[in-house]
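Notes follow the structure.
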Amino acid sequence: AVQVVHRCIELGVTFLDTANAYTNSEARIGKALAALPGPREQLVIATKTRARDRTTAQQHLEQSLRDLGLDVIDLWQLHNVSSMDAYEQILAPGGALEAAQEALQAGLVRHVGISSHSMDVALKAVVSGHFETLQFPFNFVTDEPADKLLPLVRKHGLGFIAMKPLGGGMLSDANLAIKYLLQFDHVVPDPGIERVEEIDEIAAIVAGPWELTPQERQKIDIIRNEVGVR
């Protein structure tokens with residue numbers, strides 16, 4: 001894990017996204033950050049809490065800061081808010097949003113975001129004024145955000161983080177998957193990386209050219225027809 005993180009940084013990656021629910025991911029990233037030979041001011045460290053109440057969210061934040069070895073988390077996201085019940089819980093008095101707002105005021109986090117798998121929740125969150133980023137599934141099969149979410153995100157000034165750019169492993173062609181997302185302004189693809197070879201491949205794709213060729217667009221259409229839009 002340390003080698004992967006260090007290789008990401010060598011290649012110019014500046015955004016590292018994790019969550020306290022991802023087993024020991026935070027601790028591994030924290031170990032990698034502690035072992036960096038140089039400054040890390042250019043890095044944006046993002047993590048998440050699945051807590052719905054203020055007290056548990058505060059506990060998660062304290063644990064995340066310890067595991068990551070940080071005094072401040074750049075982006076703290078309320079994780080997998082994928083039903084209206086969950087959305088109402090985080091916004092209610094004593095909900096997780098209170099913990100996020102208090103952490104902002106205390107200087108423990110710099111920005112607050114939300115992640116979701118529900119279009120209805122995402123649309124509501126974007127216009128709420130509570131969040132600075134939205135993390136949502138987006139790839140050339142799960143492409144509904146292109147029409148429904150991205151225009152709204154731009155209008156309200158949020159950052160958009162594209163979760164599952166490879167469809168959670170469903171899409172095997174990283175060249176098509178990453179290049180597709182690079183067609184959209186203000187979208188940050190957020191692929192999961194387990195091996196150095198994976199980030200090497202993705203970095204080479206990002207190095208360009210970004211434009212999809214007619215043959216690549218045809219391949220995308222074929223895959224869409226095979227697996228269906230999800």
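Each chain in the structure tokens gets a letter, A, B and so on, in the order shown; residues start at 1 in every chain, and ligands are counted from 1 in the order they appear.
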Handout entry: Contacts of region 136-146 of chain A within 6 Å, only C-alpha atoms, excl. fewer than 3 positions in-chain, as an NGL selection string
Key = :A and (115-116 or 149-150 or 162-165 or 224 or 229-230)
Exercise for the section: Check the smallest atom-to-atom distance from each of A:Thr47, A:Ser82, A:Gln101, A:Thr56 to Leu70 (chain A) using only C-alpha atoms, then report the winner. Expected result: A:Thr47
Handout entry: alpha helix (DSSP H) call set, DSSP backbone run, region 70-178 of chain A, as a PyMOL selection string
Key = chain A and resi 84-91+96-106+119-128+145-148+150-156+174-178
Exercise for the section: Just the residues within 12 Å of Leu134 (chain A), please, counting only C-alpha atoms, with nothing from its chain fewer than 3 positions along; format it as a PyMOL selection string. Expected result: chain A and resi 48+75-81+111-119+121-131+137-138+145+149-150+152-154+156-163+186-188
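Candidate residues A:Leu212, A:Gly192, A:Ile202, A:Thr23 were compared for distance to Tyr180 (chain A), and the nearest is A:Leu212, using only C-alpha atoms.
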Problem - CA of Arg52 (chain A) to CA of Gln89 (chain A), straight-line distance in Å - result: 5.9 Å
Problem - Two-atom distance - CA of Val227 (chain A), CA of Met170 (chain A) (Å) - result: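 Taking CA of Val227 (chain A) and CA of Met170 (chain A), their separation equals 9.0 Å.
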Problem - Minimum-distance residue to Leu176 (chain A), chosen among A:Val206, A:Ala99, A:Ile193, A:Val72 (using only C-alpha atoms) - result: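 The closest residue to Leu176 (chain A) is A:Val206.
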Problem - Pick from A:Ala32, A:Leu108, A:Gly208, A:Pro191 nearest to Gly169 (chain A), counting only C-alpha atoms - result: A:Pro191
Completion exercise
In terms of only C-alpha atoms, the residue from A:Arg40, A:His60, A:Arg54, A:Arg66 at minimal distance from Gly95 (chain A) is A:Arg54
